[in-house]
Every structure is written in structure tokens, then in C-alpha cells.
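Enquirer: So I've got this file, structure_26.txt, and it contains compact mmCIF, N, CA and C atoms:
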# COMPACT_ATOMS: atom_id res chain seq x y z
N ASP F 257 -100.15 202.89 -71.88
CA ASP F 257 -99.53 203.23 -73.15
C ASP F 257 -98.01 203.20 -72.97
N ASN F 258 -97.36 202.26 -73.63
CA ASN F 258 -95.90 202.11 -73.49
C ASN F 258 -95.15 203.37 -73.88
N LYS F 259 -95.54 204.00 -74.97
CA LYS F 259 -94.80 205.17 -75.45
C LYS F 259 -94.84 206.32 -74.45
N HIS F 260 -96.00 206.62 -73.92
CA HIS F 260 -96.12 207.73 -72.96
C HIS F 260 -95.30 207.46 -71.71
N THR F 261 -95.38 206.26 -71.18
CA THR F 261 -94.63 205.90 -69.98
C THR F 261 -93.14 206.04 -70.21
N ILE F 262 -92.67 205.56 -71.35
CA ILE F 262 -91.24 205.56 -71.66
C ILE F 262 -90.71 206.98 -71.86
N GLU F 263 -91.52 207.85 -72.40
CA GLU F 263 -91.08 209.23 -72.60
C GLU F 263 -90.65 209.87 -71.29
N GLU F 264 -91.23 209.45 -70.18
CA GLU F 264 -90.94 210.02 -68.86
C GLU F 264 -89.77 209.34 -68.15
N ALA F 265 -89.26 208.24 -68.69
CA ALA F 265 -88.25 207.43 -68.01
C ALA F 265 -86.84 207.71 -68.53
N ASP F 266 -85.84 207.42 -67.69
CA ASP F 266 -84.44 207.48 -68.11
C ASP F 266 -83.96 206.12 -68.59
N VAL F 267 -84.56 205.07 -68.01
CA VAL F 267 -84.18 203.70 -68.32
C VAL F 267 -85.44 202.93 -68.72
N VAL F 268 -85.30 202.12 -69.76
CA VAL F 268 -86.39 201.25 -70.19
C VAL F 268 -86.03 199.84 -69.77
N ILE F 269 -86.86 199.22 -68.95
CA ILE F 269 -86.61 197.85 -68.50
C ILE F 269 -87.58 196.94 -69.23
N LEU F 270 -87.03 196.08 -70.08
CA LEU F 270 -87.85 195.13 -70.83
C LEU F 270 -88.08 193.88 -69.99
N THR F 271 -89.31 193.64 -69.62
CA THR F 271 -89.69 192.44 -68.86
C THR F 271 -90.83 191.77 -69.61
N ILE F 272 -90.50 191.29 -70.79
CA ILE F 272 -91.48 190.70 -71.69
C ILE F 272 -91.02 189.32 -72.13
N LYS F 273 -91.90 188.61 -72.80
CA LYS F 273 -91.57 187.29 -73.35
C LYS F 273 -90.72 187.48 -74.61
N PRO F 274 -89.82 186.53 -74.89
CA PRO F 274 -88.96 186.66 -76.07
C PRO F 274 -89.72 186.91 -77.38
N TYR F 275 -90.87 186.29 -77.56
CA TYR F 275 -91.61 186.46 -78.81
C TYR F 275 -92.21 187.87 -78.94
N GLN F 276 -92.22 188.66 -77.87
CA GLN F 276 -92.78 190.01 -77.89
C GLN F 276 -91.75 191.08 -78.22
N VAL F 277 -90.49 190.72 -78.24
CA VAL F 277 -89.41 191.71 -78.37
C VAL F 277 -89.55 192.57 -79.61
N ASP F 278 -89.70 191.95 -80.78
CA ASP F 278 -89.76 192.74 -82.01
C ASP F 278 -90.94 193.70 -82.02
N THR F 279 -92.09 193.24 -81.57
CA THR F 279 -93.29 194.09 -81.54
C THR F 279 -93.11 195.26 -80.59
N VAL F 280 -92.61 194.99 -79.40
CA VAL F 280 -92.44 196.06 -78.40
C VAL F 280 -91.37 197.05 -78.85
N LEU F 281 -90.25 196.55 -79.37
CA LEU F 281 -89.21 197.47 -79.83
C LEU F 281 -89.70 198.34 -80.98
N ALA F 282 -90.48 197.78 -81.89
CA ALA F 282 -91.03 198.58 -82.99
C ALA F 282 -91.89 199.73 -82.46
N GLU F 283 -92.59 199.48 -81.38
CA GLU F 283 -93.45 200.50 -80.78
C GLU F 283 -92.65 201.57 -80.03
N ILE F 284 -91.61 201.16 -79.31
CA ILE F 284 -90.96 202.11 -78.41
C ILE F 284 -89.70 202.77 -78.96
N LEU F 285 -89.02 202.15 -79.93
CA LEU F 285 -87.76 202.73 -80.40
C LEU F 285 -87.90 204.18 -80.87
N PRO F 286 -88.99 204.57 -81.51
CA PRO F 286 -89.09 205.97 -81.93
C PRO F 286 -89.10 206.99 -80.78
N VAL F 287 -89.38 206.55 -79.56
CA VAL F 287 -89.49 207.51 -78.45
C VAL F 287 -88.44 207.33 -77.36
N ILE F 288 -87.45 206.48 -77.57
CA ILE F 288 -86.49 206.25 -76.48
C ILE F 288 -85.09 206.79 -76.76
N LYS F 289 -84.97 207.73 -77.61
CA LYS F 289 -83.65 208.31 -77.91
C LYS F 289 -82.95 208.74 -76.62
N GLY F 290 -81.69 208.33 -76.48
CA GLY F 290 -80.89 208.72 -75.34
C GLY F 290 -81.15 207.94 -74.06
N LYS F 291 -81.99 206.93 -74.12
CA LYS F 291 -82.31 206.15 -72.93
C LYS F 291 -81.53 204.84 -72.92
N THR F 292 -81.36 204.29 -71.74
CA THR F 292 -80.69 203.00 -71.56
C THR F 292 -81.74 201.90 -71.57
N ILE F 293 -81.41 200.78 -72.21
CA ILE F 293 -82.32 199.63 -72.24
C ILE F 293 -81.74 198.54 -71.36
N ALA F 294 -82.50 198.14 -70.35
CA ALA F 294 -82.13 197.01 -69.50
C ALA F 294 -83.10 195.88 -69.83
N SER F 295 -82.57 194.74 -70.20
CA SER F 295 -83.42 193.63 -70.65
C SER F 295 -83.39 192.47 -69.67
N ALA F 296 -84.60 192.07 -69.25
CA ALA F 296 -84.76 190.85 -68.46
C ALA F 296 -85.40 189.76 -69.32
N VAL F 297 -85.27 189.90 -70.63
CA VAL F 297 -85.85 188.93 -71.56
C VAL F 297 -84.97 187.69 -71.59
N SER F 298 -85.53 186.59 -71.20
CA SER F 298 -84.79 185.33 -71.13
C SER F 298 -84.24 184.94 -72.51
N GLY F 299 -82.95 184.64 -72.55
CA GLY F 299 -82.32 184.16 -73.78
C GLY F 299 -81.98 185.22 -74.80
N LEU F 300 -82.26 186.48 -74.53
CA LEU F 300 -81.96 187.56 -75.47
C LEU F 300 -80.58 188.11 -75.15
N SER F 301 -79.61 187.77 -75.98
CA SER F 301 -78.23 188.19 -75.73
C SER F 301 -78.06 189.68 -75.98
N LEU F 302 -77.00 190.22 -75.41
CA LEU F 302 -76.68 191.63 -75.65
C LEU F 302 -76.42 191.87 -77.13
N GLU F 303 -75.75 190.93 -77.77
CA GLU F 303 -75.45 191.08 -79.20
C GLU F 303 -76.74 191.18 -80.02
N VAL F 304 -77.69 190.32 -79.73
CA VAL F 304 -78.97 190.36 -80.46
C VAL F 304 -79.72 191.65 -80.14
N LEU F 305 -79.75 192.05 -78.88
CA LEU F 305 -80.43 193.28 -78.50
C LEU F 305 -79.79 194.49 -79.17
N GLN F 306 -78.47 194.52 -79.20
CA GLN F 306 -77.78 195.62 -79.87
C GLN F 306 -78.14 195.65 -81.35
N SER F 307 -78.20 194.49 -81.97
CA SER F 307 -78.56 194.41 -83.38
C SER F 307 -79.99 194.92 -83.61
N LYS F 308 -80.90 194.51 -82.75
CA LYS F 308 -82.31 194.92 -82.90
C LYS F 308 -82.51 196.41 -82.65
N THR F 309 -81.58 197.04 -81.96
CA THR F 309 -81.67 198.48 -81.68
C THR F 309 -80.64 199.28 -82.48
N ASN F 310 -80.07 198.65 -83.49
CA ASN F 310 -79.09 199.30 -84.38
C ASN F 310 -77.89 199.88 -83.63
N ASN F 311 -77.53 199.28 -82.51
CA ASN F 311 -76.39 199.73 -81.70
C ASN F 311 -76.49 201.20 -81.31
N GLU F 312 -77.70 201.72 -81.18
CA GLU F 312 -77.89 203.14 -80.88
C GLU F 312 -78.13 203.43 -79.40
N TYR F 313 -78.26 202.39 -78.58
CA TYR F 313 -78.63 202.59 -77.18
C TYR F 313 -77.70 201.80 -76.27
N PRO F 314 -77.41 202.33 -75.08
CA PRO F 314 -76.71 201.50 -74.10
C PRO F 314 -77.64 200.34 -73.72
N VAL F 315 -77.08 199.12 -73.69
CA VAL F 315 -77.89 197.95 -73.36
C VAL F 315 -77.28 197.19 -72.20
N ILE F 316 -78.14 196.71 -71.33
CA ILE F 316 -77.73 195.98 -70.14
C ILE F 316 -78.63 194.77 -70.03
N ARG F 317 -78.05 193.65 -69.68
CA ARG F 317 -78.85 192.44 -69.48
C ARG F 317 -78.97 192.19 -67.99
N ILE F 318 -80.19 192.00 -67.52
CA ILE F 318 -80.45 191.78 -66.10
C ILE F 318 -81.27 190.51 -65.93
N MET F 319 -81.11 189.85 -64.80
CA MET F 319 -81.95 188.69 -64.51
C MET F 319 -82.29 188.68 -63.03
N PRO F 320 -83.32 189.47 -62.66
CA PRO F 320 -83.78 189.45 -61.27
C PRO F 320 -84.60 188.20 -61.01
N ASN F 321 -84.99 187.99 -59.77
CA ASN F 321 -85.89 186.87 -59.46
C ASN F 321 -86.95 187.31 -58.46
N ILE F 322 -87.84 186.43 -58.18
CA ILE F 322 -89.02 186.74 -57.35
C ILE F 322 -88.65 187.20 -55.94
N ALA F 323 -87.47 186.83 -55.48
CA ALA F 323 -87.05 187.23 -54.13
C ALA F 323 -86.83 188.74 -54.00
N ALA F 324 -86.86 189.45 -55.12
CA ALA F 324 -86.72 190.91 -55.07
C ALA F 324 -87.81 191.54 -54.21
N GLN F 325 -88.98 190.94 -54.18
CA GLN F 325 -90.07 191.50 -53.37
C GLN F 325 -89.75 191.49 -51.88
N PHE F 326 -88.76 190.69 -51.48
CA PHE F 326 -88.34 190.61 -50.08
C PHE F 326 -86.97 191.25 -49.85
N GLY F 327 -86.41 191.89 -50.90
CA GLY F 327 -85.08 192.47 -50.81
C GLY F 327 -83.98 191.43 -50.77
N GLU F 328 -84.26 190.25 -51.33
CA GLU F 328 -83.33 189.12 -51.27
C GLU F 328 -82.94 188.61 -52.66
N SER F 329 -83.16 189.38 -53.69
CA SER F 329 -82.86 188.92 -55.04
C SER F 329 -81.36 188.88 -55.29
N ALA F 330 -80.95 187.93 -56.09
CA ALA F 330 -79.60 187.92 -56.64
C ALA F 330 -79.77 188.22 -58.12
N THR F 331 -79.72 189.49 -58.46
CA THR F 331 -79.95 189.93 -59.83
C THR F 331 -78.61 189.99 -60.56
N CYS F 332 -78.38 189.03 -61.44
CA CYS F 332 -77.15 189.03 -62.22
C CYS F 332 -77.27 190.06 -63.33
N ILE F 333 -76.18 190.76 -63.56
CA ILE F 333 -76.17 191.85 -64.53
C ILE F 333 -74.95 191.71 -65.42
N SER F 334 -75.17 191.98 -66.71
CA SER F 334 -74.08 191.94 -67.68
C SER F 334 -74.26 193.10 -68.65
N PHE F 335 -73.14 193.64 -69.10
CA PHE F 335 -73.21 194.76 -70.04
C PHE F 335 -71.89 194.87 -70.79
N PRO F 336 -71.91 195.47 -71.98
CA PRO F 336 -70.66 195.72 -72.70
C PRO F 336 -69.85 196.79 -71.96
N GLU F 337 -68.58 196.68 -72.01
CA GLU F 337 -67.71 197.64 -71.32
C GLU F 337 -68.02 199.07 -71.75
N LYS F 338 -68.34 199.26 -73.01
CA LYS F 338 -68.62 200.62 -73.51
C LYS F 338 -69.85 201.26 -72.83
N ASP F 339 -70.70 200.43 -72.22
CA ASP F 339 -71.90 200.93 -71.57
C ASP F 339 -71.78 200.97 -70.04
N ARG F 340 -70.58 200.81 -69.52
CA ARG F 340 -70.36 200.75 -68.08
C ARG F 340 -70.94 201.96 -67.34
N GLU F 341 -70.70 203.15 -67.84
CA GLU F 341 -71.17 204.36 -67.16
C GLU F 341 -72.70 204.36 -67.00
N LYS F 342 -73.40 203.92 -68.03
CA LYS F 342 -74.86 203.86 -67.97
C LYS F 342 -75.34 202.67 -67.14
N ALA F 343 -74.53 201.61 -67.05
CA ALA F 343 -74.93 200.39 -66.34
C ALA F 343 -74.82 200.52 -64.83
N LEU F 344 -73.87 201.28 -64.34
CA LEU F 344 -73.64 201.34 -62.89
C LEU F 344 -74.86 201.80 -62.09
N PRO F 345 -75.63 202.79 -62.56
CA PRO F 345 -76.86 203.12 -61.81
C PRO F 345 -77.87 201.97 -61.79
N ILE F 346 -77.87 201.14 -62.82
CA ILE F 346 -78.76 199.97 -62.85
C ILE F 346 -78.30 198.96 -61.81
N VAL F 347 -76.99 198.77 -61.72
CA VAL F 347 -76.44 197.88 -60.69
C VAL F 347 -76.86 198.39 -59.31
N ASP F 348 -76.71 199.69 -59.08
CA ASP F 348 -77.11 200.27 -57.79
C ASP F 348 -78.60 200.04 -57.51
N LEU F 349 -79.43 200.22 -58.51
CA LEU F 349 -80.86 200.01 -58.35
C LEU F 349 -81.16 198.59 -57.88
N PHE F 350 -80.56 197.61 -58.54
CA PHE F 350 -80.85 196.22 -58.19
C PHE F 350 -80.16 195.77 -56.91
N GLN F 351 -79.09 196.47 -56.51
CA GLN F 351 -78.50 196.16 -55.20
C GLN F 351 -79.46 196.52 -54.08
N ASN F 352 -80.35 197.46 -54.33
CA ASN F 352 -81.37 197.80 -53.34
C ASN F 352 -82.41 196.70 -53.17
N LEU F 353 -82.42 195.74 -54.08
CA LEU F 353 -83.38 194.63 -54.03
C LEU F 353 -82.71 193.33 -53.61
N GLY F 354 -81.49 193.43 -53.12
CA GLY F 354 -80.72 192.24 -52.71
C GLY F 354 -79.27 192.44 -53.08
N THR F 355 -78.78 191.55 -53.91
CA THR F 355 -77.41 191.67 -54.41
C THR F 355 -77.45 191.72 -55.93
N ALA F 356 -76.44 192.33 -56.54
CA ALA F 356 -76.44 192.49 -57.99
C ALA F 356 -75.04 192.27 -58.55
N PRO F 357 -74.61 191.01 -58.61
CA PRO F 357 -73.28 190.75 -59.15
C PRO F 357 -73.22 191.02 -60.66
N VAL F 358 -72.15 191.64 -61.08
CA VAL F 358 -71.90 191.83 -62.51
C VAL F 358 -71.12 190.60 -62.98
N ILE F 359 -71.66 189.93 -63.98
CA ILE F 359 -71.05 188.70 -64.47
C ILE F 359 -70.80 188.78 -65.97
N ASP F 360 -69.95 187.91 -66.45
CA ASP F 360 -69.71 187.80 -67.89
C ASP F 360 -71.00 187.31 -68.55
N GLU F 361 -71.32 187.86 -69.68
CA GLU F 361 -72.59 187.50 -70.31
C GLU F 361 -72.68 186.01 -70.65
N LYS F 362 -71.56 185.37 -70.91
CA LYS F 362 -71.64 183.94 -71.25
C LYS F 362 -72.19 183.11 -70.09
N LEU F 363 -72.25 183.68 -68.88
CA LEU F 363 -72.81 182.99 -67.72
C LEU F 363 -74.28 183.32 -67.47
N MET F 364 -74.85 184.23 -68.26
CA MET F 364 -76.22 184.68 -67.99
C MET F 364 -77.27 183.59 -68.15
N ASP F 365 -77.12 182.71 -69.12
CA ASP F 365 -78.13 181.66 -69.27
C ASP F 365 -78.14 180.75 -68.05
N ALA F 366 -76.97 180.40 -67.55
CA ALA F 366 -76.90 179.58 -66.33
C ALA F 366 -77.46 180.36 -65.14
N ALA F 367 -77.16 181.64 -65.05
CA ALA F 367 -77.67 182.46 -63.96
C ALA F 367 -79.19 182.56 -64.01
N THR F 368 -79.74 182.58 -65.21
CA THR F 368 -81.19 182.62 -65.37
C THR F 368 -81.83 181.37 -64.78
N VAL F 369 -81.25 180.23 -65.07
CA VAL F 369 -81.79 178.97 -64.55
C VAL F 369 -81.68 178.94 -63.03
N LEU F 370 -80.53 179.32 -62.50
CA LEU F 370 -80.35 179.33 -61.05
C LEU F 370 -81.30 180.30 -60.37
N GLY F 371 -81.46 181.47 -60.96
CA GLY F 371 -82.36 182.46 -60.38
C GLY F 371 -83.81 182.01 -60.39
N ALA F 372 -84.18 181.30 -61.43
CA ALA F 372 -85.57 180.86 -61.55
C ALA F 372 -85.91 179.73 -60.59
N CYS F 373 -84.98 178.81 -60.40
CA CYS F 373 -85.33 177.66 -59.56
C CYS F 373 -84.66 177.71 -58.18
N GLY F 374 -83.62 178.51 -58.03
CA GLY F 374 -82.91 178.56 -56.76
C GLY F 374 -83.73 179.07 -55.61
N THR F 375 -84.68 179.96 -55.88
CA THR F 375 -85.51 180.51 -54.81
C THR F 375 -86.49 179.47 -54.25
N ALA F 376 -86.67 178.38 -54.96
CA ALA F 376 -87.57 177.33 -54.47
C ALA F 376 -86.94 176.56 -53.31
N TYR F 377 -85.63 176.69 -53.18
CA TYR F 377 -84.92 175.94 -52.14
C TYR F 377 -84.41 176.91 -51.12
Kindly transcribe the structure held in the file into C-alpha cells.
Expert:
Amino acid sequence: DNKHTIEEADVVILTIKPYQVDTVLAEILPVIKGKTIASAVSGLSLEVLQSKTNNEYPVIRIMPNIAAQFGESATCISFPEKDREKALPIVDLFQNLGTAPVIDEKLMDAATVLGACGTAY
């Protein structure tokens, strides 16, 4: 049950397909007051996520990769400056899984492609 799990969390990490975003947000938004949303949804910009959440939540965009299971992920992270305080613990979390560079959001789509195929080489 998404709602019950989220009630116990400080951070909500969205790891869903883009077409699922509206359905999942409709289910969880009523129970996530005061929580940070970290999105690994491919192609979902911070601007769109902020719009879908009525700008009521700190939002962070993350793009981990499969190498996280070996502690070798390069998880690119982007966030609005206003959410820096809430984002830094997320950066720390993903640094435990490899490296977690903070990048400009305009580079996230390219980082997504590199993260997805770079581990193959």
C-alpha cells in the first residue's frame, strides 16, 4: 500500500514510469505533507513535477543506475536552489551508493542516457 508506506517516510522516491506519474501522485499527495519528493522518473522535469504537486513540496531530480547495487553508481542529482537544504541529505544518501554529482537540470536528460548505457561498457 503506497499510502501506508509513505506515511512512515521522510522522503518519497518516485521510481515509476512516466505514464504512471499522475495516477501515483493522485494517490499519495494527500498523505505526503511536509515530505521531500525525489524523482527518478525519466524525462520528468523539476518544473513539471513542481506543477503537478502545486509547488507545495521540495522536489529533487535523481538518476541512479544499476551500478548502485555494487556501490558504483554515478547518480546525477538536480534541484532548485530553494530546496537545497532538503536536497543535501538525498545527495549524501546516493553518495553511499557511489558518487552523486549535483548538476544543472538542463544536463539531466543527457545524464540519463549516459547512466543507462554507460554501465554496459
Enquirer: Give the answer as one residue: which of F:Cys332, F:Ala343, F:Leu349, F:Ile284 has the shortest atom-to-atom distance to Ala367 of chain F, using only N, CA and C atoms?
Expert: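 Smallest separation from Ala367 of chain F among the options: F:Cys332.
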Enquirer: Applying 7 Å and only C-alpha atoms, which residues near Ile333 of chain F remain after dropping the ones on its own chain fewer than 3 positions away? List them as a list in words.
Expert: Arg317, Ile318, Met319, Ala356, Pro357, Val358 and Ile359 of chain F
Enquirer: For Leu302 of chain F, work out the shell of residues within 8 Å, counting all atoms listed in the file and skipping chain neighbours fewer than 2 positions away, then give it as a short mmCIF file (atom, residue, chain, number, x, y, z; two decimals) with N, CA and C atoms, in the frame of the given file.
Expert:
data_model
loop_
_atom_site.label_atom_id
_atom_site.label_comp_id
_atom_site.auth_asym_id
_atom_site.auth_seq_id
_atom_site.Cartn_x
_atom_site.Cartn_y
_atom_site.Cartn_z
N GLY F 299 -82.95 184.64 -72.55
CA GLY F 299 -82.32 184.16 -73.78
C GLY F 299 -81.98 185.22 -74.80
N LEU F 300 -82.26 186.48 -74.53
CA LEU F 300 -81.96 187.56 -75.47
C LEU F 300 -80.58 188.11 -75.15
N VAL F 304 -77.69 190.32 -79.73
CA VAL F 304 -78.97 190.36 -80.46
C VAL F 304 -79.72 191.65 -80.14
N LEU F 305 -79.75 192.05 -78.88
CA LEU F 305 -80.43 193.28 -78.50
C LEU F 305 -79.79 194.49 -79.17
N GLN F 306 -78.47 194.52 -79.20
CA GLN F 306 -77.78 195.62 -79.87
C GLN F 306 -78.14 195.65 -81.35
N SER F 307 -78.20 194.49 -81.97
CA SER F 307 -78.56 194.41 -83.38
C SER F 307 -79.99 194.92 -83.61
N LYS F 308 -80.90 194.51 -82.75
CA LYS F 308 -82.31 194.92 -82.90
C LYS F 308 -82.51 196.41 -82.65
N VAL F 315 -77.08 199.12 -73.69
CA VAL F 315 -77.89 197.95 -73.36
C VAL F 315 -77.28 197.19 -72.20
N ILE F 316 -78.14 196.71 -71.33
CA ILE F 316 -77.73 195.98 -70.14
C ILE F 316 -78.63 194.77 -70.03
N ARG F 317 -78.05 193.65 -69.68
CA ARG F 317 -78.85 192.44 -69.48
C ARG F 317 -78.97 192.19 -67.99
N SER F 334 -75.17 191.98 -66.71
CA SER F 334 -74.08 191.94 -67.68
C SER F 334 -74.26 193.10 -68.65
N PHE F 335 -73.14 193.64 -69.10
CA PHE F 335 -73.21 194.76 -70.04
C PHE F 335 -71.89 194.87 -70.79
N PRO F 336 -71.91 195.47 -71.98
CA PRO F 336 -70.66 195.72 -72.70
C PRO F 336 -69.85 196.79 -71.96
N GLU F 361 -71.32 187.86 -69.68
CA GLU F 361 -72.59 187.50 -70.31
C GLU F 361 -72.68 186.01 -70.65
#
Enquirer: If we count only N, CA and C atoms and set the cut-off at 5 Å, which residues sit around Thr271 of chain F, ignoring sequence neighbours fewer than 2 positions away in its own chain? Please answer as an MDAnalysis selection string.
Expert: chainID F and resid 269 273 296
Enquirer: Go ahead and save the picked residues with N, CA and C atoms, as a short mmCIF file (atom, residue, chain, number, x, y, z; two decimals), in the coordinates of the input.
Expert:
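The new file result.cif reads:
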data_model
loop_
_atom_site.label_atom_id
_atom_site.label_comp_id
_atom_site.auth_asym_id
_atom_site.auth_seq_id
_atom_site.Cartn_x
_atom_site.Cartn_y
_atom_site.Cartn_z
N ILE F 269 -86.86 199.22 -68.95
CA ILE F 269 -86.61 197.85 -68.50
C ILE F 269 -87.58 196.94 -69.23
N LYS F 273 -91.90 188.61 -72.80
CA LYS F 273 -91.57 187.29 -73.35
C LYS F 273 -90.72 187.48 -74.61
N ALA F 296 -84.60 192.07 -69.25
CA ALA F 296 -84.76 190.85 -68.46
C ALA F 296 -85.40 189.76 -69.32
#
Enquirer: What lies within 7 Å of Asn258 of chain F using only N, CA and C atoms, ignoring chain neighbours under 3 positions off, as an MDAnalysis selection string?
Expert: chainID F and resid 261:263 283:284
Enquirer: So that I have them on file, write out the residues from the current selection with N, CA and C atoms, as a CSV table (one decimal), keeping the file's coordinate frame.
Expert:
chain,number,residue,atom,x,y,z
F,261,THR,N,-95.4,206.3,-71.2
F,261,THR,CA,-94.6,205.9,-70.0
F,261,THR,C,-93.1,206.0,-70.2
F,262,ILE,N,-92.7,205.6,-71.4
F,262,ILE,CA,-91.2,205.6,-71.7
F,262,ILE,C,-90.7,207.0,-71.9
F,263,GLU,N,-91.5,207.8,-72.4
F,263,GLU,CA,-91.1,209.2,-72.6
F,263,GLU,C,-90.6,209.9,-71.3
F,283,GLU,N,-92.6,199.5,-81.4
F,283,GLU,CA,-93.4,200.5,-80.8
F,283,GLU,C,-92.6,201.6,-80.0
F,284,ILE,N,-91.6,201.2,-79.3
F,284,ILE,CA,-91.0,202.1,-78.4
F,284,ILE,C,-89.7,202.8,-79.0
Enquirer: Please compute the atom C of Val277 of chain F-atom N of Ser301 of chain F distance, one decimal, in Å.
Expert: 11.6 Å
Enquirer: Ranking F:Ile322, F:Thr331, F:Ala282, F:Tyr275 by minimum distance to Gln351 of chain F and counting all atoms listed in the file, which one comes first?
Expert: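 Closest to Gln351 of chain F of all the choices is F:Thr331.
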Enquirer: Please indicate the distance in Å from atom CA of Leu353 of chain F to atom N of Thr368 of chain F, rounded to one decimal place.
Expert: 16.8 Å
Enquirer: List the neighbours of Ala265 of chain F out to 8 Å using all atoms listed in the file; skip same-chain residues closer than 5 positions along the sequence, and give me the result as a list in words.
Expert: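 Here the qualifying residues turn out to be His260, Gly290, Lys291 and Thr292 of chain F.
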Enquirer: Pick the closest to Lys289 of chain F from F:Glu337, F:Tyr313, F:Asp348, F:Ile272: which is it, counting all atoms listed in the file?
Expert: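 Among F:Glu337, F:Tyr313, F:Asp348, F:Ile272, it is F:Tyr313 that comes nearest to Lys289 of chain F.
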Enquirer: Would you give me, as a list in words, the residues in segment 269-342 of chain F that DSSP reads as strand (DSSP E)?
Expert: Ile269, Leu270, Thr292, Ile293, Ala294, Ser295, Val315, Ile316, Arg317, Ile318, Met319, Ser329, Ala330, Cys332, Ile333 and Ser334 of chain F
Enquirer: Go ahead and save the residues from that selection, with N, CA and C atoms, as an mmCIF file, in the frame of the given file.
Expert:
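Full text of part.cif as output:
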data_model
loop_
_atom_site.group_PDB
_atom_site.id
_atom_site.type_symbol
_atom_site.label_atom_id
_atom_site.label_comp_id
_atom_site.auth_asym_id
_atom_site.auth_seq_id
_atom_site.Cartn_x
_atom_site.Cartn_y
_atom_site.Cartn_z
ATOM 1 N N ILE F 269 -86.860 199.220 -68.950
ATOM 2 C CA ILE F 269 -86.610 197.850 -68.500
ATOM 3 C C ILE F 269 -87.580 196.940 -69.230
ATOM 4 N N LEU F 270 -87.030 196.080 -70.080
ATOM 5 C CA LEU F 270 -87.850 195.130 -70.830
ATOM 6 C C LEU F 270 -88.080 193.880 -69.990
ATOM 7 N N THR F 292 -81.360 204.290 -71.740
ATOM 8 C CA THR F 292 -80.690 203.000 -71.560
ATOM 9 C C THR F 292 -81.740 201.900 -71.570
ATOM 10 N N ILE F 293 -81.410 200.780 -72.210
ATOM 11 C CA ILE F 293 -82.320 199.630 -72.240
ATOM 12 C C ILE F 293 -81.740 198.540 -71.360
ATOM 13 N N ALA F 294 -82.500 198.140 -70.350
ATOM 14 C CA ALA F 294 -82.130 197.010 -69.500
ATOM 15 C C ALA F 294 -83.100 195.880 -69.830
ATOM 16 N N SER F 295 -82.570 194.740 -70.200
ATOM 17 C CA SER F 295 -83.420 193.630 -70.650
ATOM 18 C C SER F 295 -83.390 192.470 -69.670
ATOM 19 N N VAL F 315 -77.080 199.120 -73.690
ATOM 20 C CA VAL F 315 -77.890 197.950 -73.360
ATOM 21 C C VAL F 315 -77.280 197.190 -72.200
ATOM 22 N N ILE F 316 -78.140 196.710 -71.330
ATOM 23 C CA ILE F 316 -77.730 195.980 -70.140
ATOM 24 C C ILE F 316 -78.630 194.770 -70.030
ATOM 25 N N ARG F 317 -78.050 193.650 -69.680
ATOM 26 C CA ARG F 317 -78.850 192.440 -69.480
ATOM 27 C C ARG F 317 -78.970 192.190 -67.990
ATOM 28 N N ILE F 318 -80.190 192.000 -67.520
ATOM 29 C CA ILE F 318 -80.450 191.780 -66.100
ATOM 30 C C ILE F 318 -81.270 190.510 -65.930
ATOM 31 N N MET F 319 -81.110 189.850 -64.800
ATOM 32 C CA MET F 319 -81.950 188.690 -64.510
ATOM 33 C C MET F 319 -82.290 188.680 -63.030
ATOM 34 N N SER F 329 -83.160 189.380 -53.690
ATOM 35 C CA SER F 329 -82.860 188.920 -55.040
ATOM 36 C C SER F 329 -81.360 188.880 -55.290
ATOM 37 N N ALA F 330 -80.950 187.930 -56.090
ATOM 38 C CA ALA F 330 -79.600 187.920 -56.640
ATOM 39 C C ALA F 330 -79.770 188.220 -58.120
ATOM 40 N N CYS F 332 -78.380 189.030 -61.440
ATOM 41 C CA CYS F 332 -77.150 189.030 -62.220
ATOM 42 C C CYS F 332 -77.270 190.060 -63.330
ATOM 43 N N ILE F 333 -76.180 190.760 -63.560
ATOM 44 C CA ILE F 333 -76.170 191.850 -64.530
ATOM 45 C C ILE F 333 -74.950 191.710 -65.420
ATOM 46 N N SER F 334 -75.170 191.980 -66.710
ATOM 47 C CA SER F 334 -74.080 191.940 -67.680
ATOM 48 C C SER F 334 -74.260 193.100 -68.650
#
Enquirer: Closest to Arg340 of chain F among F:Gln276, F:Pro314, F:Ile288, F:Leu270, using only N, CA and C atoms?
Expert: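 Closest to Arg340 of chain F, using only N, CA and C atoms: F:Pro314.
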Enquirer: When you draw a straight line from atom C of Asp360 of chain F to atom N of Asp339 of chain F, how long is it in Å?
Expert: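 Separating atom C of Asp360 of chain F from atom N of Asp339 of chain F is a distance of 13.6 Å.
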Enquirer: Closest to Leu281 of chain F among F:Asn321, F:Asn352, F:Ser298, F:Thr309, using all atoms listed in the file?
Expert: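 The shortest atom-to-atom distance to Leu281 of chain F comes from F:Thr309.
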Enquirer: Could you pull out the residues in chain F that DSSP calls alpha helix (DSSP H) from the backbone, as a ChimeraX atom specification?
Expert: /F:258-263,277-284,302-308,340-351,364-374
Enquirer: Closest to Lys259 of chain F among F:Pro345, F:Thr279, F:Pro274, F:Val287, using only C-alpha atoms?
Expert: F:Val287
Enquirer: Return as JSON the centre and edge lengths, in Å with one decimal, of the box along x, y and z that encloses every atom of segment 299-314 of chain F in the file, padded by 6 Å per side.
Expert:
{"center_x": -79.2, "center_y": 193.8, "center_z": -78.5, "size_x": 19.5, "size_y": 31.3, "size_z": 23.8}
